[in-house]
Amino acid sequence: MENLIGYIIVFGIVIVFMAIAIYNRATEAAEFYVAGRRIPAFWNGMAVAADWMSAASFISMAGALYALGYDGLAYIMGWTGGYVLLALLIAPYLRKFGKYTVPDFIAERYESNFARLVALITAIIISFTYMVGQVAGVGIIMGRLFGVPFEVGIAIGMIIIIATTVLGGMKSITWTQVAQYIVLITAYLLPVSILATQWFGVPLPQFLYGKVLQNIVELETQYGISPHYVEPFVKFNLAQFLALTFVLMAGTAALPHVLMRFFTTPSVRDARISAGWALFFIAILYLTAPAYAAFSRFVILKDVVGKPIDQLPAWAQKWAETGLFKVLDKNGDGIIQWAELNIHRDIVVLATPEIAGLAAVVGFFVMAGGLAAALSTADGLLLVIAAAVSNDLYAKMINPEAPEKRVVLLGKVAVAVAGVIGGFIAAQKIAFIVQIVAWAFSLATASFFPALVLGVFWKRLNRQGAIAGLVVGLLVTIAYIYLNKYQGVSLWGIQHTASGLFGLIANLIVTVVVTMVTPPPSERIQKLVEDLRYPKKIHEV
Amino acid sequence: MDREKLEAYHRENVRLITILLIIWFAVSYVGALLAKPLSKLTIFGFPMHYWVSAQLSVITFVVLIFVYAYVMNKLDQKYGVEE
């Protein structure tokens, strides 16, 4: 009976998503790529938040914080602080530029279709691998929800994702993402808020876990666990912590699927405000994740560690059956030690409803939230791929005379093809894909970030400098990834996940040197750059 | 349009961005650099270094973006460059 109610909730939510998509069908290019530029700032902010927060943010991030302690906060600061860079240095100017995509801007600013090609290939690689990660997330959640095989879960997820995006492109995914945000944030806040109410009488876990952190330190001291949970720079050294934070920030500011959403607001003014709303909605989840991590850590120290192995709490017994919670009594004394626990990251969020003693229905609702997070991110990524193929590659490079209807149709075909290929690749469970997702931020930091920011703020920057910088930045990043990951080379302990820092430095040096020894860009481009800086039209370009 | 006025608008924009990014840098990177000494202190029940990186920084980021939007939207009107 409980399960039946759970299935009805999940099906009901998916049907609402589909109904919204069907209601918002579109066939015109402006509707398909940028939702007719009619999305109000508040709702665009909410859609950005859903677009941004992936299956990993929802299910795994709290678990990563649980495992990394203070050092995991590099992810919290990186994935939120990037929006400051985006809001101050990029989004309003891209909105003023108009058009549809990030490669559109790169190509026009640097008067080069070669730059467009580099930009669209980078955008496709980043978006496609990131999307495969989301699709795999859908497969896992479907498996846990309905007990269907991984591949079947992926197939169902792929159909929902493709249908949402094909129907109306940006127009249909925007309003679906708004609904998906509401589902995912409610599902995320519900269990942990109830747990906070049980413990402290106030449903605000975000502001109450400080005391829990202190309790954790006390218990860890009692059990002789060292270094402590809140001890800084244990898993990362200081250089890696700072470098990773920066790369996550700059990468976030320059990821094409997030930036594309800022083309949809009615004005520059709305784009600025929209970025604020986006981070507001994202911050609600990112302020809550450390509370999840602290609560789990505390419960495990209090109710599991130091207890006899045959007296596991009920929730731990249940998750032990799934293999996500493992206890191995290595020294055979019948008592559980901290070092004898092996806990899967995802359990931190997924087990909280049971830790709080909530009905199984809440567990289903949390899964539905994870599903919404994966679907909404995959939609946005799929649209970037479709726009790169149909708008940038076909309409702007191969056949500039192509009628609009055909371009949009090609976009829809690209959605279906990329979606199906993504599904097949996700089904192969290739570990390398997960790796590339971690590198996406480095690649964006070393390529798009300087090309966009300098493109707006440095008028003298020309085609030669930008392209040379872009290519060198990408090559240095890839080289450092290879040297660090496969050859063990490292500068100041900085790891491959933050390789974009070196790519960015190389990019900046090459960009400046090459620009200074080559002639300034044309009069038209200088006027275009000036025009970007003012919401009102200043020059005809 | 008046060239000097346009340049003044851009200068004010760059100045505002610089100020806000200094705050952005302070709460995230300076906060992390001071993590060891701050960990001795407590605020709102939190070890202070953890609170700075997990909450002060994130909340400050949200405020910075809204401040930027508010001031720029005013500035647009002052210089007559709004859409």
# chains A, B, ... in the order shown; residues from 1 in each chain; ligands from 1
$ residues_around --residues "stretch 17-20 of chain A" --least-positions-apart "5" --cutoff "8 Å" --atoms "only C-alpha atoms" --output "JSON, numbers by chain"
{"A": [160, 163, 164, 172, 175, 176, 179, 180]}
$ interface_residues --of "chain A" --to "chain B" --cutoff "6 Å" --atoms "only C-alpha atoms" --output "PyMOL selection string"
chain A and resi 210-211+272-273+276+279-280+535-536
$ write_last_selection --atoms "N, CA, C and O atoms" --output "mmCIF file, in the first residue's frame"
data_model
loop_
_atom_site.group_PDB
_atom_site.id
_atom_site.type_symbol
_atom_site.label_atom_id
_atom_site.label_comp_id
_atom_site.auth_asym_id
_atom_site.auth_seq_id
_atom_site.Cartn_x
_atom_site.Cartn_y
_atom_site.Cartn_z
ATOM 1 N N GLY A 210 25.289 23.941 13.750
ATOM 2 C CA GLY A 210 26.525 24.351 14.426
ATOM 3 C C GLY A 210 26.757 23.552 15.697
ATOM 4 O O GLY A 210 27.844 23.028 15.946
ATOM 5 N N LYS A 211 25.692 23.429 16.482
ATOM 6 C CA LYS A 211 25.769 22.668 17.732
ATOM 7 C C LYS A 211 26.121 21.206 17.429
ATOM 8 O O LYS A 211 26.903 20.586 18.153
ATOM 9 N N ARG A 272 20.149 40.901 -14.957
ATOM 10 C CA ARG A 272 20.893 41.153 -13.705
ATOM 11 C C ARG A 272 20.121 40.610 -12.500
ATOM 12 O O ARG A 272 20.684 39.920 -11.648
ATOM 13 N N ILE A 273 18.830 40.963 -12.430
ATOM 14 C CA ILE A 273 18.031 40.534 -11.276
ATOM 15 C C ILE A 273 17.878 39.014 -11.277
ATOM 16 O O ILE A 273 17.937 38.352 -10.241
ATOM 17 N N GLY A 276 20.466 37.083 -9.531
ATOM 18 C CA GLY A 276 20.281 37.112 -8.080
ATOM 19 C C GLY A 276 19.276 36.067 -7.632
ATOM 20 O O GLY A 276 19.524 35.306 -6.692
ATOM 21 N N LEU A 279 20.777 32.486 -7.865
ATOM 22 C CA LEU A 279 21.640 32.076 -6.762
ATOM 23 C C LEU A 279 20.848 31.953 -5.462
ATOM 24 O O LEU A 279 21.147 31.090 -4.641
ATOM 25 N N PHE A 280 19.836 32.782 -5.294
ATOM 26 C CA PHE A 280 18.981 32.651 -4.108
ATOM 27 C C PHE A 280 18.379 31.237 -4.048
ATOM 28 O O PHE A 280 18.454 30.558 -3.014
ATOM 29 N N PRO A 535 22.811 49.046 -21.627
ATOM 30 C CA PRO A 535 21.554 48.366 -21.918
ATOM 31 C C PRO A 535 20.865 48.957 -23.162
ATOM 32 O O PRO A 535 20.267 48.240 -23.941
ATOM 33 N N LYS A 536 21.005 50.286 -23.333
ATOM 34 C CA LYS A 536 20.396 50.957 -24.486
ATOM 35 C C LYS A 536 21.283 50.797 -25.710
ATOM 36 O O LYS A 536 22.496 50.660 -25.591
#
$ residues_around --residues "A:Glu151" --least-positions-apart "4" --cutoff "12 Å" --atoms "only C-alpha atoms" --output "PyMOL selection string"
chain A and resi 135-143+147+155-158+423-429
$ write_last_selection --atoms "all heavy atoms" --output "tab-separated table (two decimals), in the first residue's frame"
chain	number	residue	atom	x	y	z
A	135	VAL	N	21.80	11.23	-17.14
A	135	VAL	CA	21.00	10.10	-17.60
A	135	VAL	C	21.31	8.87	-16.74
A	135	VAL	O	20.40	8.13	-16.34
A	135	VAL	CB	21.28	9.81	-19.09
A	135	VAL	CG1	20.49	8.61	-19.55
A	135	VAL	CG2	20.94	11.02	-19.93
A	136	ALA	N	22.59	8.69	-16.42
A	136	ALA	CA	22.95	7.57	-15.54
A	136	ALA	C	22.27	7.74	-14.18
A	136	ALA	O	21.78	6.77	-13.59
A	136	ALA	CB	24.48	7.50	-15.38
A	137	GLY	N	22.20	8.99	-13.70
A	137	GLY	CA	21.52	9.27	-12.44
A	137	GLY	C	20.06	8.86	-12.50
A	137	GLY	O	19.53	8.25	-11.56
A	138	VAL	N	19.40	9.16	-13.62
A	138	VAL	CA	18.00	8.75	-13.79
A	138	VAL	C	17.88	7.23	-13.72
A	138	VAL	O	16.97	6.70	-13.07
A	138	VAL	CB	17.43	9.27	-15.13
A	138	VAL	CG1	16.03	8.72	-15.37
A	138	VAL	CG2	17.39	10.79	-15.15
A	139	GLY	N	18.80	6.54	-14.38
A	139	GLY	CA	18.76	5.08	-14.38
A	139	GLY	C	18.87	4.51	-12.97
A	139	GLY	O	18.14	3.58	-12.60
A	140	ILE	N	19.77	5.09	-12.17
A	140	ILE	CA	19.96	4.60	-10.80
A	140	ILE	C	18.71	4.85	-9.96
A	140	ILE	O	18.22	3.97	-9.25
A	140	ILE	CB	21.19	5.28	-10.15
A	140	ILE	CG1	22.48	4.84	-10.86
A	140	ILE	CG2	21.29	4.95	-8.66
A	140	ILE	CD1	23.68	5.69	-10.53
A	141	ILE	N	18.15	6.08	-10.09
A	141	ILE	CA	16.97	6.42	-9.28
A	141	ILE	C	15.79	5.55	-9.67
A	141	ILE	O	15.08	5.01	-8.81
A	141	ILE	CB	16.62	7.91	-9.45
A	141	ILE	CG1	17.74	8.77	-8.89
A	141	ILE	CG2	15.31	8.24	-8.73
A	141	ILE	CD1	17.63	10.23	-9.23
A	142	MET	N	15.58	5.36	-10.98
A	142	MET	CA	14.48	4.51	-11.45
A	142	MET	C	14.62	3.09	-10.90
A	142	MET	O	13.65	2.46	-10.51
A	142	MET	CB	14.46	4.46	-12.98
A	142	MET	CG	13.98	5.73	-13.62
A	142	MET	SD	12.20	5.94	-13.39
A	142	MET	CE	11.85	7.19	-14.60
A	143	GLY	N	15.87	2.63	-10.87
A	143	GLY	CA	16.14	1.29	-10.35
A	143	GLY	C	15.75	1.19	-8.89
A	143	GLY	O	15.10	0.22	-8.47
A	147	GLY	N	12.63	-0.82	-8.98
A	147	GLY	CA	13.30	-2.09	-9.11
A	147	GLY	C	13.52	-2.52	-10.56
A	147	GLY	O	13.78	-3.68	-10.83
A	155	ALA	N	16.22	4.16	-20.35
A	155	ALA	CA	15.32	4.31	-21.51
A	155	ALA	C	14.11	5.17	-21.15
A	155	ALA	O	13.73	6.09	-21.89
A	155	ALA	CB	14.89	2.94	-22.00
A	156	ILE	N	13.49	4.88	-20.00
A	156	ILE	CA	12.32	5.67	-19.59
A	156	ILE	C	12.73	7.14	-19.39
A	156	ILE	O	12.08	8.06	-19.89
A	156	ILE	CB	11.72	5.13	-18.27
A	156	ILE	CG1	11.27	3.67	-18.45
A	156	ILE	CG2	10.55	5.99	-17.80
A	156	ILE	CD1	10.88	2.99	-17.14
A	157	GLY	N	13.85	7.35	-18.69
A	157	GLY	CA	14.32	8.71	-18.44
A	157	GLY	C	14.59	9.45	-19.73
A	157	GLY	O	14.20	10.60	-19.90
A	158	MET	N	15.23	8.76	-20.67
A	158	MET	CA	15.58	9.39	-21.95
A	158	MET	C	14.34	9.82	-22.72
A	158	MET	O	14.33	10.89	-23.35
A	158	MET	CB	16.39	8.36	-22.76
A	158	MET	CG	17.57	8.91	-23.46
A	158	MET	SD	18.67	9.90	-22.43
A	158	MET	CE	18.38	11.51	-23.12
A	423	GLY	N	21.87	8.12	-24.05
A	423	GLY	CA	21.29	7.00	-23.32
A	423	GLY	C	22.13	5.73	-23.48
A	423	GLY	O	22.43	5.04	-22.50
A	424	PHE	N	22.54	5.46	-24.72
A	424	PHE	CA	23.35	4.25	-24.96
A	424	PHE	C	24.68	4.32	-24.22
A	424	PHE	O	25.12	3.35	-23.62
A	424	PHE	CB	23.58	4.04	-26.47
A	424	PHE	CG	22.47	3.27	-27.12
A	424	PHE	CD1	21.56	3.91	-27.95
A	424	PHE	CD2	22.31	1.91	-26.87
A	424	PHE	CE1	20.51	3.20	-28.54
A	424	PHE	CE2	21.27	1.20	-27.44
A	424	PHE	CZ	20.37	1.85	-28.28
A	425	ILE	N	25.32	5.50	-24.27
A	425	ILE	CA	26.62	5.62	-23.60
A	425	ILE	C	26.45	5.49	-22.09
A	425	ILE	O	27.24	4.82	-21.43
A	425	ILE	CB	27.31	6.95	-24.00
A	425	ILE	CG1	27.68	6.87	-25.47
A	425	ILE	CG2	28.54	7.19	-23.13
A	425	ILE	CD1	28.37	8.07	-26.01
A	426	ALA	N	25.38	6.10	-21.55
A	426	ALA	CA	25.14	5.99	-20.11
A	426	ALA	C	24.95	4.53	-19.70
A	426	ALA	O	25.41	4.11	-18.64
A	426	ALA	CB	23.93	6.81	-19.70
A	427	ALA	N	24.30	3.77	-20.56
A	427	ALA	CA	24.04	2.36	-20.26
A	427	ALA	C	25.32	1.53	-20.19
A	427	ALA	O	25.35	0.47	-19.57
A	427	ALA	CB	23.08	1.77	-21.28
A	428	GLN	N	26.41	2.02	-20.84
A	428	GLN	CA	27.68	1.28	-20.82
A	428	GLN	C	28.42	1.46	-19.49
A	428	GLN	O	29.42	0.81	-19.25
A	428	GLN	CB	28.62	1.75	-21.94
A	428	GLN	CG	28.00	1.79	-23.32
A	428	GLN	CD	27.51	0.44	-23.77
A	428	GLN	OE1	28.21	-0.54	-23.63
A	428	GLN	NE2	26.29	0.38	-24.31
A	429	LYS	N	27.97	2.42	-18.66
A	429	LYS	CA	28.63	2.72	-17.38
A	429	LYS	C	30.13	2.94	-17.55
A	429	LYS	O	30.96	2.32	-16.87
A	429	LYS	CB	28.43	1.56	-16.38
A	429	LYS	CG	26.99	1.31	-16.01
A	429	LYS	CD	26.91	0.28	-14.90
A	429	LYS	CE	25.47	-0.06	-14.57
A	429	LYS	NZ	25.31	-1.13	-13.60
$ select_by_dssp --residues "chain B" --states "strand (DSSP E or B)" --output "ChimeraX atom specification"
/B:42-43,46-47
$ write_last_selection --atoms "N, CA, C and O atoms" --output "short mmCIF file (atom, residue, chain, number, x, y, z; two decimals), in the first residue's frame"
data_model
loop_
_atom_site.label_atom_id
_atom_site.label_comp_id
_atom_site.auth_asym_id
_atom_site.auth_seq_id
_atom_site.Cartn_x
_atom_site.Cartn_y
_atom_site.Cartn_z
N THR B 42 34.17 30.44 17.97
CA THR B 42 32.83 29.90 17.75
C THR B 42 31.87 31.05 17.47
O THR B 42 31.97 32.11 18.08
N ILE B 43 30.95 30.83 16.51
CA ILE B 43 29.93 31.84 16.23
C ILE B 43 28.60 31.15 15.95
O ILE B 43 28.56 30.17 15.20
N PHE B 46 28.63 27.56 15.74
CA PHE B 46 29.47 26.91 14.72
C PHE B 46 30.94 27.17 14.99
O PHE B 46 31.29 28.26 15.45
N PRO B 47 31.83 26.22 14.66
CA PRO B 47 33.24 26.58 14.57
C PRO B 47 33.34 27.68 13.49
O PRO B 47 32.77 27.53 12.41
#
$ select_by_dssp --residues "chain B" --states "alpha helix (DSSP H)" --output "CSV table (one decimal) with N, CA, C and O atoms, in the first residue's frame"
chain,number,residue,atom,x,y,z
B,3,ARG,N,29.5,61.4,-25.3
B,3,ARG,CA,30.6,60.4,-25.2
B,3,ARG,C,31.2,60.4,-23.7
B,3,ARG,O,31.4,59.3,-23.2
B,4,GLU,N,31.4,61.6,-23.1
B,4,GLU,CA,31.9,61.6,-21.8
B,4,GLU,C,31.0,60.9,-20.8
B,4,GLU,O,31.4,60.2,-19.9
B,5,LYS,N,29.7,61.1,-21.0
B,5,LYS,CA,28.7,60.6,-20.1
B,5,LYS,C,28.8,59.0,-20.2
B,5,LYS,O,28.7,58.3,-19.1
B,6,LEU,N,28.9,58.5,-21.4
B,6,LEU,CA,29.0,57.1,-21.6
B,6,LEU,C,30.2,56.5,-20.9
B,6,LEU,O,30.1,55.5,-20.2
B,7,GLU,N,31.3,57.2,-21.0
B,7,GLU,CA,32.5,56.7,-20.4
B,7,GLU,C,32.4,56.7,-18.9
B,7,GLU,O,32.9,55.9,-18.2
B,8,ALA,N,31.8,57.8,-18.4
B,8,ALA,CA,31.6,57.9,-16.9
B,8,ALA,C,30.8,56.7,-16.4
B,8,ALA,O,31.1,56.1,-15.4
B,9,TYR,N,29.7,56.4,-17.2
B,9,TYR,CA,28.9,55.2,-16.8
B,9,TYR,C,29.7,54.0,-16.7
B,9,TYR,O,29.6,53.2,-15.8
B,10,HIS,N,30.5,53.7,-17.7
B,10,HIS,CA,31.3,52.5,-17.8
B,10,HIS,C,32.4,52.5,-16.6
B,10,HIS,O,32.6,51.5,-16.0
B,11,ARG,N,33.0,53.7,-16.3
B,11,ARG,CA,33.9,53.8,-15.2
B,11,ARG,C,33.2,53.4,-13.9
B,11,ARG,O,33.7,52.7,-13.1
B,12,GLU,N,32.0,53.9,-13.7
B,12,GLU,CA,31.3,53.6,-12.5
B,12,GLU,C,30.9,52.2,-12.4
B,12,GLU,O,31.0,51.6,-11.3
B,13,ASN,N,30.6,51.6,-13.5
B,13,ASN,CA,30.3,50.1,-13.5
B,13,ASN,C,31.5,49.3,-13.1
B,13,ASN,O,31.4,48.5,-12.2
B,14,VAL,N,32.7,49.6,-13.7
B,14,VAL,CA,33.9,48.9,-13.4
B,14,VAL,C,34.3,49.1,-11.9
B,14,VAL,O,34.7,48.1,-11.3
B,15,ARG,N,34.1,50.3,-11.4
B,15,ARG,CA,34.4,50.6,-10.0
B,15,ARG,C,33.5,49.7,-9.1
B,15,ARG,O,34.0,49.1,-8.2
B,16,LEU,N,32.2,49.7,-9.4
B,16,LEU,CA,31.3,48.9,-8.6
B,16,LEU,C,31.7,47.4,-8.6
B,16,LEU,O,31.7,46.7,-7.6
B,17,ILE,N,32.0,46.9,-9.8
B,17,ILE,CA,32.4,45.5,-10.0
B,17,ILE,C,33.6,45.2,-9.1
B,17,ILE,O,33.7,44.2,-8.4
B,18,THR,N,34.6,46.2,-9.2
B,18,THR,CA,35.8,46.0,-8.4
B,18,THR,C,35.5,45.9,-6.9
B,18,THR,O,36.0,44.9,-6.2
B,19,ILE,N,34.7,46.8,-6.4
B,19,ILE,CA,34.4,46.8,-5.0
B,19,ILE,C,33.7,45.5,-4.6
B,19,ILE,O,34.1,44.8,-3.6
B,20,LEU,N,32.7,45.1,-5.4
B,20,LEU,CA,32.0,43.8,-5.0
B,20,LEU,C,32.8,42.6,-5.1
B,20,LEU,O,32.7,41.7,-4.3
B,21,LEU,N,33.8,42.6,-6.1
B,21,LEU,CA,34.6,41.4,-6.2
B,21,LEU,C,35.7,41.3,-5.1
B,21,LEU,O,36.1,40.3,-4.7
B,22,ILE,N,36.0,42.5,-4.5
B,22,ILE,CA,36.9,42.5,-3.4
B,22,ILE,C,36.2,41.8,-2.2
B,22,ILE,O,36.8,40.9,-1.5
B,23,ILE,N,34.9,42.1,-2.0
B,23,ILE,CA,34.2,41.5,-1.0
B,23,ILE,C,34.0,40.0,-1.2
B,23,ILE,O,34.2,39.1,-0.4
B,24,TRP,N,33.7,39.7,-2.5
B,24,TRP,CA,33.6,38.3,-3.0
B,24,TRP,C,34.9,37.5,-2.6
B,24,TRP,O,34.9,36.4,-2.1
B,25,PHE,N,36.0,38.1,-2.9
B,25,PHE,CA,37.3,37.5,-2.7
B,25,PHE,C,37.5,37.3,-1.2
B,25,PHE,O,38.0,36.3,-0.7
B,31,GLY,N,38.8,34.1,3.7
B,31,GLY,CA,38.1,33.3,4.7
B,31,GLY,C,38.8,31.9,4.8
B,31,GLY,O,39.1,31.4,5.9
B,32,ALA,N,39.1,31.3,3.7
B,32,ALA,CA,39.7,30.0,3.7
B,32,ALA,C,41.2,30.1,4.2
B,32,ALA,O,41.7,29.2,4.9
B,33,LEU,N,41.9,31.1,3.7
B,33,LEU,CA,43.3,31.3,4.2
B,33,LEU,C,43.4,31.4,5.7
B,33,LEU,O,44.4,31.0,6.3
B,35,ALA,N,41.4,29.9,7.8
B,35,ALA,CA,40.6,28.8,8.4
B,35,ALA,C,41.2,28.3,9.7
B,35,ALA,O,40.5,28.1,10.7
B,36,LYS,N,42.5,28.1,9.7
B,36,LYS,CA,43.2,27.5,10.9
B,36,LYS,C,43.0,28.4,12.1
B,36,LYS,O,42.5,27.9,13.1
B,37,PRO,N,43.4,29.7,12.0
B,37,PRO,CA,43.2,30.6,13.2
B,37,PRO,C,41.7,30.7,13.6
B,37,PRO,O,41.3,30.7,14.8
B,38,LEU,N,40.8,30.8,12.6
B,38,LEU,CA,39.4,31.0,12.9
B,38,LEU,C,38.7,29.8,13.5
B,38,LEU,O,37.7,29.9,14.2
B,48,MET,N,34.0,28.8,13.8
B,48,MET,CA,33.9,30.0,13.0
B,48,MET,C,34.4,29.7,11.5
B,48,MET,O,33.8,30.3,10.6
B,49,HIS,N,35.5,29.0,11.3
B,49,HIS,CA,35.9,28.8,9.9
B,49,HIS,C,34.9,28.1,9.1
B,49,HIS,O,34.7,28.4,7.9
B,50,TYR,N,34.2,27.1,9.7
B,50,TYR,CA,33.2,26.3,9.0
B,50,TYR,C,32.0,27.3,8.6
B,50,TYR,O,31.5,27.2,7.5
B,51,TRP,N,31.6,28.1,9.6
B,51,TRP,CA,30.5,29.0,9.3
B,51,TRP,C,30.8,30.0,8.2
B,51,TRP,O,30.0,30.3,7.3
B,57,SER,N,29.9,33.1,3.3
B,57,SER,CA,30.3,33.3,1.9
B,57,SER,C,29.0,33.1,1.0
B,57,SER,O,28.8,34.0,0.2
B,58,VAL,N,28.3,32.1,1.2
B,58,VAL,CA,27.1,31.8,0.2
B,58,VAL,C,26.1,33.0,0.4
B,58,VAL,O,25.6,33.5,-0.7
B,59,ILE,N,25.8,33.3,1.6
B,59,ILE,CA,24.8,34.4,1.8
B,59,ILE,C,25.3,35.7,1.2
B,59,ILE,O,24.6,36.5,0.5
B,60,THR,N,26.6,36.0,1.4
B,60,THR,CA,27.2,37.2,0.9
B,60,THR,C,27.1,37.2,-0.7
B,60,THR,O,26.8,38.3,-1.3
B,61,PHE,N,27.3,36.1,-1.3
B,61,PHE,CA,27.3,36.0,-2.8
B,61,PHE,C,25.9,36.5,-3.3
B,61,PHE,O,25.8,37.2,-4.2
B,62,VAL,N,24.9,35.9,-2.6
B,62,VAL,CA,23.5,36.3,-3.0
B,62,VAL,C,23.3,37.8,-2.9
B,62,VAL,O,22.8,38.5,-3.8
B,63,VAL,N,23.7,38.3,-1.7
B,63,VAL,CA,23.5,39.8,-1.5
B,63,VAL,C,24.3,40.6,-2.5
B,63,VAL,O,23.7,41.6,-3.1
B,64,LEU,N,25.5,40.2,-2.9
B,64,LEU,CA,26.3,41.0,-3.8
B,64,LEU,C,25.6,41.1,-5.2
B,64,LEU,O,25.6,42.1,-5.8
B,65,ILE,N,25.0,40.0,-5.6
B,65,ILE,CA,24.4,40.0,-6.9
B,65,ILE,C,23.2,41.0,-6.9
B,65,ILE,O,23.0,41.8,-7.9
B,66,PHE,N,22.4,40.9,-5.9
B,66,PHE,CA,21.2,41.8,-5.8
B,66,PHE,C,21.7,43.3,-5.7
B,66,PHE,O,21.1,44.2,-6.3
B,67,VAL,N,22.8,43.5,-4.9
B,67,VAL,CA,23.3,44.9,-4.8
B,67,VAL,C,23.7,45.4,-6.2
B,67,VAL,O,23.4,46.5,-6.6
B,68,TYR,N,24.4,44.5,-6.9
B,68,TYR,CA,24.9,44.9,-8.2
B,68,TYR,C,23.7,45.2,-9.1
B,68,TYR,O,23.7,46.3,-9.8
B,69,ALA,N,22.7,44.4,-9.1
B,69,ALA,CA,21.5,44.6,-10.0
B,69,ALA,C,20.8,45.9,-9.6
B,69,ALA,O,20.5,46.7,-10.4
B,70,TYR,N,20.7,46.1,-8.3
B,70,TYR,CA,20.0,47.3,-7.8
B,70,TYR,C,20.7,48.6,-8.2
B,70,TYR,O,20.2,49.5,-8.8
B,71,VAL,N,22.0,48.6,-7.9
B,71,VAL,CA,22.8,49.8,-8.2
B,71,VAL,C,22.9,50.1,-9.7
B,71,VAL,O,22.7,51.2,-10.1
B,72,MET,N,23.1,49.0,-10.5
B,72,MET,CA,23.2,49.2,-11.9
B,72,MET,C,21.9,49.7,-12.5
B,72,MET,O,21.9,50.5,-13.4
B,73,ASN,N,20.8,49.1,-12.1
B,73,ASN,CA,19.5,49.5,-12.6
B,73,ASN,C,19.3,51.0,-12.3
B,73,ASN,O,18.7,51.7,-13.1
B,74,LYS,N,19.7,51.5,-11.2
B,74,LYS,CA,19.6,52.9,-10.8
B,74,LYS,C,20.6,53.8,-11.7
B,74,LYS,O,20.2,54.8,-12.3
B,75,LEU,N,21.8,53.2,-11.9
B,75,LEU,CA,22.8,53.9,-12.7
B,75,LEU,C,22.3,54.1,-14.2
B,75,LEU,O,22.6,55.1,-14.8
B,76,ASP,N,21.7,53.0,-14.7
B,76,ASP,CA,21.1,53.1,-16.1
B,76,ASP,C,20.3,54.4,-16.2
B,76,ASP,O,20.3,55.1,-17.2
B,77,GLN,N,19.4,54.6,-15.2
B,77,GLN,CA,18.5,55.7,-15.3
B,77,GLN,C,19.2,57.0,-15.1
B,77,GLN,O,19.0,58.0,-15.9
B,78,LYS,N,20.2,57.1,-14.2
B,78,LYS,CA,20.9,58.3,-14.0
B,78,LYS,C,21.6,58.8,-15.2
B,78,LYS,O,21.7,59.9,-15.5
$ decode --residues "stretch 70-82 of chain B" --atoms "N, CA and C atoms" --output "PDB file, in the first residue's frame"
ATOM      1  N   TYR B  70      20.669  46.146  -8.292  1.00  0.00           N
ATOM      2  CA  TYR B  70      19.966  47.339  -7.811  1.00  0.00           C
ATOM      3  C   TYR B  70      20.718  48.614  -8.210  1.00  0.00           C
ATOM      4  N   VAL B  71      22.031  48.639  -7.904  1.00  0.00           N
ATOM      5  CA  VAL B  71      22.812  49.847  -8.183  1.00  0.00           C
ATOM      6  C   VAL B  71      22.899  50.099  -9.693  1.00  0.00           C
ATOM      7  N   MET B  72      23.109  49.045 -10.476  1.00  0.00           N
ATOM      8  CA  MET B  72      23.227  49.225 -11.933  1.00  0.00           C
ATOM      9  C   MET B  72      21.915  49.690 -12.542  1.00  0.00           C
ATOM     10  N   ASN B  73      20.817  49.138 -12.074  1.00  0.00           N
ATOM     11  CA  ASN B  73      19.543  49.550 -12.644  1.00  0.00           C
ATOM     12  C   ASN B  73      19.262  51.026 -12.331  1.00  0.00           C
ATOM     13  N   LYS B  74      19.721  51.516 -11.162  1.00  0.00           N
ATOM     14  CA  LYS B  74      19.626  52.944 -10.829  1.00  0.00           C
ATOM     15  C   LYS B  74      20.552  53.756 -11.750  1.00  0.00           C
ATOM     16  N   LEU B  75      21.774  53.215 -11.910  1.00  0.00           N
ATOM     17  CA  LEU B  75      22.793  53.904 -12.706  1.00  0.00           C
ATOM     18  C   LEU B  75      22.336  54.071 -14.163  1.00  0.00           C
ATOM     19  N   ASP B  76      21.658  53.046 -14.684  1.00  0.00           N
ATOM     20  CA  ASP B  76      21.127  53.121 -16.052  1.00  0.00           C
ATOM     21  C   ASP B  76      20.255  54.354 -16.215  1.00  0.00           C
ATOM     22  N   GLN B  77      19.401  54.592 -15.206  1.00  0.00           N
ATOM     23  CA  GLN B  77      18.471  55.718 -15.294  1.00  0.00           C
ATOM     24  C   GLN B  77      19.213  57.039 -15.147  1.00  0.00           C
ATOM     25  N   LYS B  78      20.170  57.072 -14.196  1.00  0.00           N
ATOM     26  CA  LYS B  78      20.929  58.303 -13.961  1.00  0.00           C
ATOM     27  C   LYS B  78      21.618  58.762 -15.246  1.00  0.00           C
ATOM     28  N   TYR B  79      22.165  57.801 -15.999  1.00  0.00           N
ATOM     29  CA  TYR B  79      22.886  58.157 -17.215  1.00  0.00           C
ATOM     30  C   TYR B  79      22.013  58.043 -18.463  1.00  0.00           C
ATOM     31  N   GLY B  80      20.769  57.709 -18.260  1.00  0.00           N
ATOM     32  CA  GLY B  80      19.855  57.620 -19.405  1.00  0.00           C
ATOM     33  C   GLY B  80      20.236  56.544 -20.410  1.00  0.00           C
ATOM     34  N   VAL B  81      20.784  55.409 -19.927  1.00  0.00           N
ATOM     35  CA  VAL B  81      21.142  54.340 -20.867  1.00  0.00           C
ATOM     36  C   VAL B  81      20.241  53.117 -20.710  1.00  0.00           C
ATOM     37  N   GLU B  82      19.108  53.257 -19.981  1.00  0.00           N
ATOM     38  CA  GLU B  82      18.216  52.110 -19.832  1.00  0.00           C
ATOM     39  C   GLU B  82      17.502  51.825 -21.149  1.00  0.00           C
TER      40      GLU B  82
END
